file query18.pdb (PDB, C-alpha atoms)
ATOM      1  CA  MET I   1      29.473  37.076  36.912
ATOM      2  CA  THR I   2      29.495  33.312  37.249
ATOM      3  CA  THR I   3      26.922  31.334  35.273
ATOM      4  CA  SER I   4      25.364  28.225  36.815
ATOM      5  CA  VAL I   5      25.478  25.425  34.277
ATOM      6  CA  LEU I   6      23.917  21.987  34.608
ATOM      7  CA  ILE I   7      25.211  19.110  32.487
ATOM      8  CA  CYS I   8      22.775  16.205  32.298
ATOM      9  CA  ASP I   9      23.969  12.968  30.692
ATOM     10  CA  ASP I  10      23.939   9.343  31.835
ATOM     11  CA  SER I  11      27.503   8.862  30.632
ATOM     12  CA  ASN I  12      30.250  10.020  32.960
ATOM     13  CA  MET I  13      32.588  10.409  29.985
ATOM     14  CA  ALA I  14      30.047  12.490  28.067
ATOM     15  CA  ARG I  15      29.596  14.791  31.077
ATOM     16  CA  LYS I  16      33.348  15.350  31.284
ATOM     17  CA  GLN I  17      33.621  15.882  27.514
ATOM     18  CA  MET I  18      30.834  18.453  27.695
ATOM     19  CA  LYS I  19      32.521  20.301  30.549
ATOM     20  CA  ARG I  20      35.785  20.365  28.605
ATOM     21  CA  ALA I  21      33.970  21.789  25.566
ATOM     22  CA  LEU I  22      32.917  24.933  27.465
ATOM     23  CA  PRO I  23      34.892  28.092  26.613
ATOM     24  CA  GLU I  24      37.968  28.367  28.828
ATOM     25  CA  ASN I  25      37.523  31.965  29.964
ATOM     26  CA  TRP I  26      33.853  31.647  30.748
ATOM     27  CA  PRO I  27      33.248  31.867  34.508
ATOM     28  CA  VAL I  28      30.909  28.961  35.236
ATOM     29  CA  GLU I  29      29.920  26.746  38.081
ATOM     30  CA  VAL I  30      29.165  23.302  36.673
ATOM     31  CA  THR I  31      26.796  20.797  38.280
ATOM     32  CA  PHE I  32      26.276  17.260  36.947
ATOM     33  CA  ALA I  33      23.121  15.154  36.744
ATOM     34  CA  ALA I  34      22.988  11.540  35.506
ATOM     35  CA  ASN I  35      19.369  11.590  34.290
ATOM     36  CA  GLY I  36      16.391  13.888  33.821
ATOM     37  CA  GLN I  37      14.940  13.144  37.232
ATOM     38  CA  GLU I  38      18.111  14.303  38.965
ATOM     39  CA  ALA I  39      18.257  17.354  36.725
ATOM     40  CA  ILE I  40      14.658  18.381  37.471
ATOM     41  CA  GLU I  41      15.266  18.159  41.216
ATOM     42  CA  ILE I  42      18.291  20.440  40.873
ATOM     43  CA  ILE I  43      16.478  22.889  38.562
ATOM     44  CA  ARG I  44      13.522  23.159  40.955
ATOM     45  CA  GLN I  45      15.868  24.675  43.521
ATOM     46  CA  GLY I  46      16.014  27.642  41.153
ATOM     47  CA  GLN I  47      19.757  28.295  40.922
ATOM     48  CA  MET I  48      20.493  26.943  37.431
ATOM     49  CA  GLU I  49      20.603  29.185  34.376
ATOM     50  CA  LEU I  50      21.596  26.869  31.541
ATOM     51  CA  MET I  51      21.422  23.113  30.990
ATOM     52  CA  PHE I  52      23.148  20.914  28.428
ATOM     53  CA  LEU I  53      20.767  17.964  28.104
ATOM     54  CA  ASP I  54      21.304  14.509  26.587
ATOM     55  CA  LEU I  55      18.285  12.732  25.078
ATOM     56  CA  THR I  56      18.851   8.998  25.535
ATOM     57  CA  MET I  57      18.968   8.341  29.282
ATOM     58  CA  PRO I  58      17.489   5.890  31.780
ATOM     59  CA  VAL I  59      14.899   6.888  34.419
ATOM     60  CA  MET I  60      13.850  10.099  32.641
ATOM     61  CA  ASP I  61      15.021  10.831  29.119
ATOM     62  CA  GLY I  62      15.644  14.220  27.533
ATOM     63  CA  TYR I  63      12.214  14.540  25.929
ATOM     64  CA  GLN I  64      10.448  13.823  29.218
ATOM     65  CA  THR I  65      12.736  16.279  30.979
ATOM     66  CA  LEU I  66      11.812  19.042  28.512
ATOM     67  CA  GLU I  67       8.128  18.246  29.034
ATOM     68  CA  VAL I  68       8.441  18.621  32.805
ATOM     69  CA  ILE I  69      10.344  21.894  32.421
ATOM     70  CA  ARG I  70       7.607  23.238  30.182
ATOM     71  CA  LYS I  71       4.755  21.968  32.331
ATOM     72  CA  GLU I  72       6.201  23.430  35.523
ATOM     73  CA  ASP I  73       7.475  26.504  33.674
ATOM     74  CA  LEU I  74      10.907  26.059  35.235
ATOM     75  CA  PRO I  75      13.287  28.964  34.635
ATOM     76  CA  ILE I  76      16.147  27.425  32.661
ATOM     77  CA  MET I  77      17.546  27.585  29.147
ATOM     78  CA  VAL I  78      18.153  24.183  27.600
ATOM     79  CA  ILE I  79      20.592  23.224  24.857
ATOM     80  CA  VAL I  80      20.156  19.599  23.798
ATOM     81  CA  VAL I  81      23.368  17.667  23.167
ATOM     82  CA  SER I  82      22.698  14.326  21.512
ATOM     83  CA  GLY I  83      23.950  11.624  19.205
ATOM     84  CA  ASP I  84      20.450  11.387  17.752
ATOM     85  CA  ILE I  85      21.048  13.453  14.618
ATOM     86  CA  GLN I  86      17.742  12.650  12.909
ATOM     87  CA  PRO I  87      16.112  15.939  11.771
ATOM     88  CA  GLU I  88      12.972  14.795  13.604
ATOM     89  CA  ALA I  89      14.840  14.766  16.938
ATOM     90  CA  ARG I  90      15.959  18.369  16.436
ATOM     91  CA  ASP I  91      12.418  19.473  15.511
ATOM     92  CA  ARG I  92      10.908  17.717  18.505
ATOM     93  CA  VAL I  93      13.223  19.213  21.106
ATOM     94  CA  LYS I  94      12.790  22.707  19.650
ATOM     95  CA  LYS I  95       9.031  22.285  19.863
ATOM     96  CA  LEU I  96       9.470  21.214  23.469
ATOM     97  CA  GLY I  97      11.304  24.442  24.217
ATOM     98  CA  ALA I  98      15.014  23.715  23.808
ATOM     99  CA  ILE I  99      16.792  26.799  22.462
ATOM    100  CA  ASP I 100      19.231  24.800  20.355
ATOM    101  CA  PHE I 101      20.532  21.357  19.424
ATOM    102  CA  VAL I 102      24.182  20.363  19.262
ATOM    103  CA  LYS I 103      25.242  16.984  17.966
ATOM    104  CA  LYS I 104      27.685  14.653  19.672
ATOM    105  CA  PRO I 105      30.602  14.311  19.861
ATOM    106  CA  VAL I 106      30.630  17.885  21.156
ATOM    107  CA  ASP I 107      32.900  20.395  19.549
ATOM    108  CA  LYS I 108      34.310  23.374  21.446
ATOM    109  CA  ASP I 109      33.898  25.798  18.522
ATOM    110  CA  LYS I 110      30.281  24.813  18.009
ATOM    111  CA  ILE I 111      29.455  25.237  21.705
ATOM    112  CA  THR I 112      31.165  28.639  21.730
ATOM    113  CA  ALA I 113      29.209  29.725  18.636
ATOM    114  CA  VAL I 114      25.893  28.671  20.178
ATOM    115  CA  LEU I 115      26.654  30.459  23.455
ATOM    116  CA  GLN I 116      27.569  33.622  21.532
ATOM    117  CA  GLU I 117      24.431  33.414  19.419
ATOM    118  CA  TYR I 118      22.260  33.506  22.523
ATOM    119  CA  GLY I 119      24.326  36.229  24.170
ATOM    120  CA  LEU I 120      25.469  33.946  26.973
ATOM    121  CA  ILE I 121      29.081  34.892  26.353
ATOM    122  CA  GLY I 122      30.665  37.898  24.648
ATOM    123  CA  GLY I 123      31.983  37.811  21.100
ATOM    124  CA  ASP I 124      35.641  37.840  22.189
ATOM    125  CA  GLN I 125      35.778  34.376  23.802
TER
ATOM    126  CA  MET C   1      48.568 -14.918  22.275
ATOM    127  CA  SER C   2      45.289 -14.640  24.144
ATOM    128  CA  ASP C   3      46.077 -17.831  26.007
ATOM    129  CA  GLN C   4      48.774 -16.208  28.137
ATOM    130  CA  LEU C   5      46.794 -13.054  28.889
ATOM    131  CA  PRO C   6      44.163 -12.748  31.586
ATOM    132  CA  PRO C   7      40.576 -12.899  30.337
ATOM    133  CA  ILE C   8      39.274  -9.595  29.064
ATOM    134  CA  SER C   9      37.171  -7.484  31.362
ATOM    135  CA  LEU C  10      35.919  -3.911  31.347
ATOM    136  CA  SER C  11      36.134  -1.322  34.100
ATOM    137  CA  GLU C  12      33.028   0.760  34.711
ATOM    138  CA  ASP C  13      34.693   3.750  32.993
ATOM    139  CA  GLU C  14      35.609   1.656  29.961
ATOM    140  CA  ARG C  15      32.097   0.275  29.673
ATOM    141  CA  ASP C  16      30.701   3.803  29.935
ATOM    142  CA  CYS C  17      33.127   4.967  27.253
ATOM    143  CA  PHE C  18      32.226   2.190  24.786
ATOM    144  CA  GLN C  19      28.562   2.862  25.491
ATOM    145  CA  GLU C  20      28.940   6.566  24.727
ATOM    146  CA  ILE C  21      30.949   5.908  21.554
ATOM    147  CA  THR C  22      28.211   3.490  20.470
ATOM    148  CA  ASN C  23      25.549   6.032  21.330
ATOM    149  CA  VAL C  24      27.058   8.515  18.876
ATOM    150  CA  ALA C  25      27.626   5.862  16.184
ATOM    151  CA  MET C  26      24.135   4.394  16.407
ATOM    152  CA  GLY C  27      22.663   7.878  16.117
ATOM    153  CA  GLN C  28      24.460   8.296  12.804
ATOM    154  CA  ALA C  29      23.231   4.868  11.683
ATOM    155  CA  ALA C  30      19.663   5.692  12.743
ATOM    156  CA  ASP C  31      19.798   8.914  10.760
ATOM    157  CA  ARG C  32      20.747   6.969   7.624
ATOM    158  CA  LEU C  33      17.934   4.468   8.196
ATOM    159  CA  ALA C  34      15.449   7.265   8.931
ATOM    160  CA  ARG C  35      16.290   8.866   5.581
ATOM    161  CA  LEU C  36      16.098   5.548   3.721
ATOM    162  CA  LEU C  37      12.670   4.671   5.130
ATOM    163  CA  ASP C  38      11.352   8.184   5.848
ATOM    164  CA  VAL C  39      10.563   7.322   9.469
ATOM    165  CA  TYR C  40      11.707   8.224  12.970
ATOM    166  CA  VAL C  41      13.986   5.631  14.555
ATOM    167  CA  VAL C  42      13.676   5.305  18.316
ATOM    168  CA  LEU C  43      17.124   5.080  19.881
ATOM    169  CA  PRO C  44      17.726   2.844  22.876
ATOM    170  CA  ILE C  45      20.517   2.875  25.440
ATOM    171  CA  PRO C  46      23.073   0.418  24.029
ATOM    172  CA  ASN C  47      24.233  -2.538  26.114
ATOM    173  CA  VAL C  48      27.952  -3.217  26.363
ATOM    174  CA  ASN C  49      29.053  -6.481  27.960
ATOM    175  CA  ILE C  50      31.808  -9.043  27.977
ATOM    176  CA  ILE C  51      30.095 -12.338  27.268
ATOM    177  CA  GLU C  52      30.926 -16.003  27.003
ATOM    178  CA  VAL C  53      29.806 -18.235  24.175
ATOM    179  CA  ASN C  54      27.065 -19.691  26.352
ATOM    180  CA  GLU C  55      25.759 -16.291  27.285
ATOM    181  CA  PHE C  56      25.743 -15.304  23.661
ATOM    182  CA  ALA C  57      23.637 -18.348  22.901
ATOM    183  CA  MET C  58      21.258 -17.194  25.628
ATOM    184  CA  THR C  59      21.117 -13.693  24.186
ATOM    185  CA  LEU C  60      19.985 -15.218  20.936
ATOM    186  CA  LYS C  61      17.578 -17.581  22.670
ATOM    187  CA  ALA C  62      15.976 -14.581  24.365
ATOM    188  CA  LEU C  63      14.743 -13.661  20.934
ATOM    189  CA  GLU C  64      13.108 -17.040  20.576
ATOM    190  CA  ASP C  65       9.598 -15.847  21.375
ATOM    191  CA  ALA C  66       9.751 -14.210  18.003
ATOM    192  CA  ASN C  67       8.874 -17.430  16.186
ATOM    193  CA  SER C  68      11.378 -16.956  13.486
ATOM    194  CA  VAL C  69      14.062 -14.441  12.781
ATOM    195  CA  SER C  70      16.344 -13.563   9.932
ATOM    196  CA  ALA C  71      19.894 -12.446  10.459
ATOM    197  CA  VAL C  72      22.618 -10.879   8.409
ATOM    198  CA  CYS C  73      26.213 -11.354   9.466
ATOM    199  CA  GLN C  74      29.014  -9.089   8.303
ATOM    200  CA  GLY C  75      32.650  -9.064   9.356
ATOM    201  CA  PHE C  76      34.600  -5.859   9.900
ATOM    202  CA  ILE C  77      38.333  -5.304  10.280
ATOM    203  CA  GLY C  78      40.803  -2.430  10.522
ATOM    204  CA  SER C  79      43.832  -1.243  12.512
ATOM    205  CA  GLY C  80      44.088  -4.235  14.821
ATOM    206  CA  VAL C  81      40.371  -4.432  15.536
ATOM    207  CA  ALA C  82      38.194  -7.179  14.110
ATOM    208  CA  GLY C  83      34.716  -8.438  14.736
ATOM    209  CA  GLU C  84      31.391  -9.544  13.422
ATOM    210  CA  ALA C  85      28.195  -7.566  13.157
ATOM    211  CA  LEU C  86      24.955  -9.467  13.418
ATOM    212  CA  LEU C  87      21.661  -7.851  12.500
ATOM    213  CA  ILE C  88      18.660  -9.848  13.663
ATOM    214  CA  PHE C  89      15.155  -9.186  12.406
ATOM    215  CA  ASN C  90      11.908 -10.501  13.686
ATOM    216  CA  ASP C  91      10.235 -11.801  10.510
ATOM    217  CA  ALA C  92       7.087  -9.940  11.527
ATOM    218  CA  SER C  93       8.977  -6.764  10.631
ATOM    219  CA  PHE C  94       9.230  -7.711   6.983
ATOM    220  CA  SER C  95       5.803  -6.643   5.786
ATOM    221  CA  ASP C  96       6.230  -3.201   7.364
ATOM    222  CA  ILE C  97       9.685  -2.708   5.903
ATOM    223  CA  ALA C  98       8.374  -3.835   2.537
ATOM    224  CA  LYS C  99       5.682  -1.157   2.701
ATOM    225  CA  LEU C 100       8.185   1.535   3.575
ATOM    226  CA  LEU C 101      10.543   0.528   0.795
ATOM    227  CA  ASP C 102       7.716   0.202  -1.729
ATOM    228  CA  TYR C 103       8.347  -3.497  -2.237
ATOM    229  CA  GLU C 104       4.660  -4.006  -1.639
ATOM    230  CA  GLN C 105       3.814  -6.226  -4.548
ATOM    231  CA  ALA C 106       4.658  -9.885  -4.888
ATOM    232  CA  GLN C 107       6.713 -10.359  -1.775
ATOM    233  CA  ASN C 108       8.909 -13.328  -2.372
ATOM    234  CA  HIS C 109      11.992 -14.848  -0.899
ATOM    235  CA  HIS C 110      14.345 -13.024  -3.202
ATOM    236  CA  GLU C 111      12.850  -9.612  -2.476
ATOM    237  CA  GLU C 112      12.896 -10.181   1.247
ATOM    238  CA  LEU C 113      16.575 -11.018   1.060
ATOM    239  CA  GLU C 114      17.201  -7.870  -0.894
ATOM    240  CA  MET C 115      15.417  -5.771   1.730
ATOM    241  CA  LEU C 116      17.286  -7.410   4.558
ATOM    242  CA  MET C 117      20.584  -6.667   2.814
ATOM    243  CA  ASP C 118      19.615  -3.046   2.169
ATOM    244  CA  VAL C 119      18.783  -2.380   5.797
ATOM    245  CA  ALA C 120      21.800  -4.357   7.052
ATOM    246  CA  ASN C 121      24.183  -2.449   4.820
ATOM    247  CA  VAL C 122      22.916   0.873   6.086
ATOM    248  CA  LEU C 123      22.841  -0.003   9.777
ATOM    249  CA  ILE C 124      26.006  -2.104  10.033
ATOM    250  CA  GLY C 125      28.015   0.145   7.714
ATOM    251  CA  ALA C 126      27.057   3.399   9.418
ATOM    252  CA  CYS C 127      27.464   1.998  12.898
ATOM    253  CA  THR C 128      30.930   0.480  12.447
ATOM    254  CA  GLN C 129      32.012   3.567  10.522
ATOM    255  CA  GLY C 130      30.698   5.775  13.325
ATOM    256  CA  ILE C 131      32.714   3.863  15.918
ATOM    257  CA  GLY C 132      35.765   3.875  13.619
ATOM    258  CA  ASN C 133      35.596   7.631  13.060
ATOM    259  CA  GLN C 134      35.729   8.333  16.776
ATOM    260  CA  LEU C 135      38.744   6.087  17.312
ATOM    261  CA  ASP C 136      40.615   6.748  14.051
ATOM    262  CA  ILE C 137      40.031   3.250  12.743
ATOM    263  CA  ASP C 138      39.300   2.740   9.074
ATOM    264  CA  PHE C 139      37.095  -0.359   9.013
ATOM    265  CA  SER C 140      36.596  -2.395   5.893
ATOM    266  CA  GLN C 141      33.701  -4.813   5.687
ATOM    267  CA  SER C 142      33.289  -8.262   4.280
ATOM    268  CA  HIS C 143      30.339  -9.116   2.088
ATOM    269  CA  PRO C 144      27.217  -9.650   4.210
ATOM    270  CA  THR C 145      25.774 -13.146   4.459
ATOM    271  CA  VAL C 146      22.242 -14.094   5.359
ATOM    272  CA  LEU C 147      22.406 -16.437   8.326
ATOM    273  CA  GLY C 148      18.947 -17.787   8.700
ATOM    274  CA  GLN C 149      16.144 -16.491   6.664
ATOM    275  CA  HIS C 150      13.069 -17.954   8.309
ATOM    276  CA  CYS C 151      15.196 -20.484  10.148
ATOM    277  CA  ALA C 152      14.615 -21.307  13.797
ATOM    278  CA  ILE C 153      16.783 -19.507  16.329
ATOM    279  CA  SER C 154      18.329 -22.757  17.512
ATOM    280  CA  GLU C 155      19.755 -23.359  14.053
ATOM    281  CA  LEU C 156      21.183 -19.866  14.142
ATOM    282  CA  ILE C 157      22.880 -20.570  17.442
ATOM    283  CA  ASN C 158      24.241 -23.907  16.324
ATOM    284  CA  GLU C 159      25.634 -22.337  13.203
ATOM    285  CA  GLN C 160      27.465 -19.683  15.198
ATOM    286  CA  GLN C 161      28.369 -21.415  18.425
ATOM    287  CA  ALA C 162      31.531 -22.947  17.053
ATOM    288  CA  ARG C 163      32.825 -19.537  15.980
ATOM    289  CA  TRP C 164      32.448 -17.270  19.036
ATOM    290  CA  HIS C 165      34.876 -17.112  21.932
ATOM    291  CA  ARG C 166      34.759 -14.764  24.875
ATOM    292  CA  THR C 167      33.815 -11.486  23.313
ATOM    293  CA  MET C 168      32.755  -7.913  23.882
ATOM    294  CA  ALA C 169      29.191  -7.583  22.690
ATOM    295  CA  ILE C 170      27.539  -4.270  21.923
ATOM    296  CA  GLU C 171      23.800  -4.641  21.539
ATOM    297  CA  ILE C 172      21.529  -2.030  20.030
ATOM    298  CA  ASN C 173      17.794  -2.553  19.734
ATOM    299  CA  TYR C 174      16.299  -0.326  17.057
ATOM    300  CA  THR C 175      12.568   0.219  16.813
ATOM    301  CA  ILE C 176      10.766   2.373  14.289
ATOM    302  CA  GLU C 177       8.082   4.668  15.563
ATOM    303  CA  ASP C 178       4.517   3.959  14.368
ATOM    304  CA  HIS C 179       5.612   0.771  12.593
ATOM    305  CA  ASN C 180       5.926  -2.816  13.645
ATOM    306  CA  ILE C 181       9.648  -2.933  12.948
ATOM    307  CA  ASN C 182      12.171  -4.126  15.468
ATOM    308  CA  CYS C 183      15.729  -5.290  14.969
ATOM    309  CA  ASP C 184      18.742  -6.058  17.096
ATOM    310  CA  LEU C 185      22.214  -5.078  16.027
ATOM    311  CA  LEU C 186      24.994  -6.995  17.771
ATOM    312  CA  LEU C 187      28.629  -6.015  17.363
ATOM    313  CA  LEU C 188      31.012  -8.697  18.573
ATOM    314  CA  PHE C 189      34.728  -8.036  18.999
ATOM    315  CA  THR C 190      37.499 -10.598  19.352
ATOM    316  CA  GLU C 191      39.493 -10.648  22.593
ATOM    317  CA  ASP C 192      42.628  -9.166  21.052
ATOM    318  CA  SER C 193      40.506  -6.424  19.510
ATOM    319  CA  VAL C 194      39.032  -5.552  22.895
ATOM    320  CA  ARG C 195      42.530  -5.159  24.358
ATOM    321  CA  HIS C 196      43.469  -2.904  21.472
ATOM    322  CA  LEU C 197      40.274  -0.866  21.854
ATOM    323  CA  GLN C 198      41.003  -0.446  25.561
ATOM    324  CA  THR C 199      44.340   1.133  24.645
ATOM    325  CA  LEU C 200      42.664   3.379  22.075
ATOM    326  CA  ILE C 201      40.068   4.696  24.512
ATOM    327  CA  SER C 202      42.489   5.246  27.388
ATOM    328  CA  PHE C 203      43.157   8.802  26.184
ATOM    329  CA  LEU C 204      39.433   9.568  26.352
ATOM    330  CA  LEU C 205      39.339   8.458  29.961
ATOM    331  CA  GLU C 206      42.181  10.650  31.184
ATOM    332  CA  ASP C 207      41.088  13.066  33.878
ATOM    333  CA  ASP C 208      41.493  16.756  33.321
TER
END

call {"tool": "encode", "arguments": {"input": "query18.pdb", "output": "structure tokens"}}
result
Amino acid sequence: MTTSVLICDDSNMARKQMKRALPENWPVEVTFAANGQEAIEIIRQGQMELMFLDLTMPVMDGYQTLEVIRKEDLPIMVIVVSGDIQPEARDRVKKLGAIDFVKKPVDKDKITAVLQEYGLIGGDQ
Amino acid sequence: MSDQLPPISLSEDERDCFQEITNVAMGQAADRLARLLDVYVVLPIPNVNIIEVNEFAMTLKALEDANSVSAVCQGFIGSGVAGEALLIFNDASFSDIAKLLDYEQAQNHHEELEMLMDVANVLIGACTQGIGNQLDIDFSQSHPTVLGQHCAISELINEQQARWHRTMAIEINYTIEDHNINCDLLLLFTEDSVRHLQTLISFLLEDD
């Protein structure tokens, strides 16, 4: 079964890096968004299952995006991917409902481990 | 050598790439500062631009509404990449930094310099190191110098104007949440360094 994944980052390079960090054998359909506003509009359509979300973005940043998701109770799991490695940033996004926090630059093994931990992929990938 | 080559410029992909590399590096620097001061550092979107000397002077002049600023300058060099880091503080930030670092009593010139150096070492060191790590460059740093403690911005510009050419400037504006602390970190790269960096990042920009 194909998983619908949204990658939200203002950097084109970061979006591509994130896509490359996904496990190779995982059947996914990837959609890109360049800021939180774009992401919210896509999520509202109801097809997305998982989002990798950057924090520092123009228009609508990651924190604001998490707030909207919580306020509207939008059905999506969010993993924050950020260069902001202050412990405070991790605490804040978890409080806002993100299931996990992965620091940049993204690492394929780390992403795989997180996806396994939440049962999004099997243990053999 | 630069004389025969066309002036440096960045494609949109290259600018995006330098911005993202900076984003990761400044996060590491902010984490170090957050631990030093026990605060939360608000991270901005970094600006990456190719600028001329005149534009650089204007960048500095834009800070002029802060009546006086203090700046620490520190050179960095490694693997064919060289530049200068400039950390500019609004002097109004000093009393808040002093509180956070427990320098509260008897603020004097010497102690302010010491604080400025402490913060500059953390931010400049971590940031250049963070960029270096991502590009396999081992930067070494010169000793930091204080450019203009309590001097007017125009003096700062005049002091520097003779030294800058066309350059790639990375600008990061750090603010500290719940405190009146604001500083600008500028990383300036020489033209030859920019060309070398463009080669180094080309592998990151390859399409899959």

call {"tool": "resolve_selection", "arguments": {"input": "query18.pdb", "expression": "the ChimeraX specification (/C :<10) & /I", "output": "MDAnalysis selection string"}}
result
chainID I and resid 10:14 16:17 20 55:58 82:89 103:105

call {"tool": "resolve_selection", "arguments": {"input": "query18.pdb", "expression": "the PyMOL selection byres ((chain I and resi 121) around 12)", "output": "PDB file with C-alpha atoms, in the coordinates of the input"}}
result
ATOM      1  CA  MET I   1      29.473  37.076  36.912  1.00  0.00           C
ATOM      2  CA  THR I   2      29.495  33.312  37.249  1.00  0.00           C
ATOM      3  CA  THR I   3      26.922  31.334  35.273  1.00  0.00           C
ATOM      4  CA  LEU I  22      32.917  24.933  27.465  1.00  0.00           C
ATOM      5  CA  PRO I  23      34.892  28.092  26.613  1.00  0.00           C
ATOM      6  CA  GLU I  24      37.968  28.367  28.828  1.00  0.00           C
ATOM      7  CA  ASN I  25      37.523  31.965  29.964  1.00  0.00           C
ATOM      8  CA  TRP I  26      33.853  31.647  30.748  1.00  0.00           C
ATOM      9  CA  PRO I  27      33.248  31.867  34.508  1.00  0.00           C
ATOM     10  CA  VAL I  28      30.909  28.961  35.236  1.00  0.00           C
ATOM     11  CA  ILE I 111      29.455  25.237  21.705  1.00  0.00           C
ATOM     12  CA  THR I 112      31.165  28.639  21.730  1.00  0.00           C
ATOM     13  CA  ALA I 113      29.209  29.725  18.636  1.00  0.00           C
ATOM     14  CA  VAL I 114      25.893  28.671  20.178  1.00  0.00           C
ATOM     15  CA  LEU I 115      26.654  30.459  23.455  1.00  0.00           C
ATOM     16  CA  GLN I 116      27.569  33.622  21.532  1.00  0.00           C
ATOM     17  CA  GLU I 117      24.431  33.414  19.419  1.00  0.00           C
ATOM     18  CA  TYR I 118      22.260  33.506  22.523  1.00  0.00           C
ATOM     19  CA  GLY I 119      24.326  36.229  24.170  1.00  0.00           C
ATOM     20  CA  LEU I 120      25.469  33.946  26.973  1.00  0.00           C
ATOM     21  CA  GLY I 122      30.665  37.898  24.648  1.00  0.00           C
ATOM     22  CA  GLY I 123      31.983  37.811  21.100  1.00  0.00           C
ATOM     23  CA  ASP I 124      35.641  37.840  22.189  1.00  0.00           C
ATOM     24  CA  GLN I 125      35.778  34.376  23.802  1.00  0.00           C
TER      25      GLN I 125
END

call {"tool": "resolve_selection", "arguments": {"input": "query18.pdb", "expression": "the PyMOL selection byres ((chain I and resi 74) around 10)", "output": "ChimeraX atom specification"}}
result
/I:40,43-46,48,66,68-73,75-77

call {"tool": "atom_distance", "arguments": {"input": "query18.pdb", "atom1": "atom CA of Ser70 of chain C", "atom2": "atom CA of Asp91 of chain C"}}
result
6.4 Å

call {"tool": "atom_distance", "arguments": {"input": "query18.pdb", "atom1": "atom CA of Ser202 of chain C", "atom2": "atom CA of Leu135 of chain C"}}
result
10.8 Å

call {"tool": "atom_distance", "arguments": {"input": "query18.pdb", "atom1": "atom CA of Val69 of chain C", "atom2": "atom CA of Leu185 of chain C"}}
result
12.8 Å

call {"tool": "axis_aligned_box", "arguments": {"input": "query18.pdb", "around": "segment 51-70 of chain I", "padding_each_side": "6 Å", "output": "AutoDock Vina command-line options"}}
result
--center_x 15.4 --center_y 14.6 --center_z 29.7 --size_x 27.5 --size_y 29.3 --size_z 21.3

call {"tool": "residues_around", "arguments": {"input": "query18.pdb", "residues": "Gly78 of chain C", "least_positions_apart": "4", "cutoff": "10 Å", "atoms": "only C-alpha atoms", "output": "list in words"}}
result
Ala82, Gly83, Gly132, Asp136, Ile137, Asp138, Phe139, Ser140, Gln141 and Ser193 of chain C

call {"tool": "write_last_selection", "arguments": {"input": "query18.pdb", "atoms": "C-alpha atoms", "output": "short mmCIF file (atom, residue, chain, number, x, y, z; two decimals), keeping the file's coordinate frame"}}
result
data_model
loop_
_atom_site.label_atom_id
_atom_site.label_comp_id
_atom_site.auth_asym_id
_atom_site.auth_seq_id
_atom_site.Cartn_x
_atom_site.Cartn_y
_atom_site.Cartn_z
CA ALA C 82 38.19 -7.18 14.11
CA GLY C 83 34.72 -8.44 14.74
CA GLY C 132 35.76 3.88 13.62
CA ASP C 136 40.62 6.75 14.05
CA ILE C 137 40.03 3.25 12.74
CA ASP C 138 39.30 2.74 9.07
CA PHE C 139 37.10 -0.36 9.01
CA SER C 140 36.60 -2.40 5.89
CA GLN C 141 33.70 -4.81 5.69
CA SER C 193 40.51 -6.42 19.51
#

call {"tool": "residues_near_point", "arguments": {"input": "query18.pdb", "point": "(19.8, -1.7, 18.8)", "cutoff": "6 Å", "atoms": "only C-alpha atoms", "output": "list of chain:residue names"}}
result
C:Glu171, C:Ile172, C:Asn173, C:Tyr174, C:Asp184, C:Leu185

call {"tool": "closest_residue", "arguments": {"input": "query18.pdb", "among": "I:Asp91, I:Ile42, I:Asn35, I:Asp100", "to": "Asp54 of chain I", "atoms": "all atoms listed in the file"}}
result
I:Asn35

call {"tool": "residues_near_point", "arguments": {"input": "query18.pdb", "point": "(17.3, 22.4, 25.3)", "cutoff": "12 Å", "atoms": "all atoms listed in the file", "output": "PyMOL selection string"}}
result
chain I and resi 6-8+49-55+62-67+69-70+76-82+89-102+114

call {"tool": "build_atoms", "arguments": {"input": "query18.pdb", "residues": "segment 44-51 of chain C", "atoms": "N, CA and C atoms", "output": "PDB file, in the coordinates of the input"}}
result
ATOM      1  N   PRO C  44      17.677   3.416  21.531  1.00  0.00           N
ATOM      2  CA  PRO C  44      17.726   2.844  22.876  1.00  0.00           C
ATOM      3  C   PRO C  44      19.041   3.231  23.556  1.00  0.00           C
ATOM      4  N   ILE C  45      19.206   2.799  24.801  1.00  0.00           N
ATOM      5  CA  ILE C  45      20.517   2.875  25.440  1.00  0.00           C
ATOM      6  C   ILE C  45      21.245   1.582  25.072  1.00  0.00           C
ATOM      7  N   PRO C  46      22.398   1.656  24.441  1.00  0.00           N
ATOM      8  CA  PRO C  46      23.073   0.418  24.029  1.00  0.00           C
ATOM      9  C   PRO C  46      23.600  -0.368  25.229  1.00  0.00           C
ATOM     10  N   ASN C  47      23.637  -1.684  25.074  1.00  0.00           N
ATOM     11  CA  ASN C  47      24.233  -2.538  26.114  1.00  0.00           C
ATOM     12  C   ASN C  47      25.643  -2.923  25.696  1.00  0.00           C
ATOM     13  N   VAL C  48      26.583  -2.792  26.632  1.00  0.00           N
ATOM     14  CA  VAL C  48      27.952  -3.217  26.363  1.00  0.00           C
ATOM     15  C   VAL C  48      28.352  -4.220  27.424  1.00  0.00           C
ATOM     16  N   ASN C  49      28.713  -5.428  26.994  1.00  0.00           N
ATOM     17  CA  ASN C  49      29.053  -6.481  27.960  1.00  0.00           C
ATOM     18  C   ASN C  49      30.138  -7.390  27.417  1.00  0.00           C
ATOM     19  N   ILE C  50      30.915  -7.950  28.347  1.00  0.00           N
ATOM     20  CA  ILE C  50      31.808  -9.043  27.977  1.00  0.00           C
ATOM     21  C   ILE C  50      31.004 -10.321  28.168  1.00  0.00           C
ATOM     22  N   ILE C  51      30.918 -11.126  27.139  1.00  0.00           N
ATOM     23  CA  ILE C  51      30.095 -12.338  27.268  1.00  0.00           C
ATOM     24  C   ILE C  51      30.853 -13.590  26.838  1.00  0.00           C
TER      25      ILE C  51
END
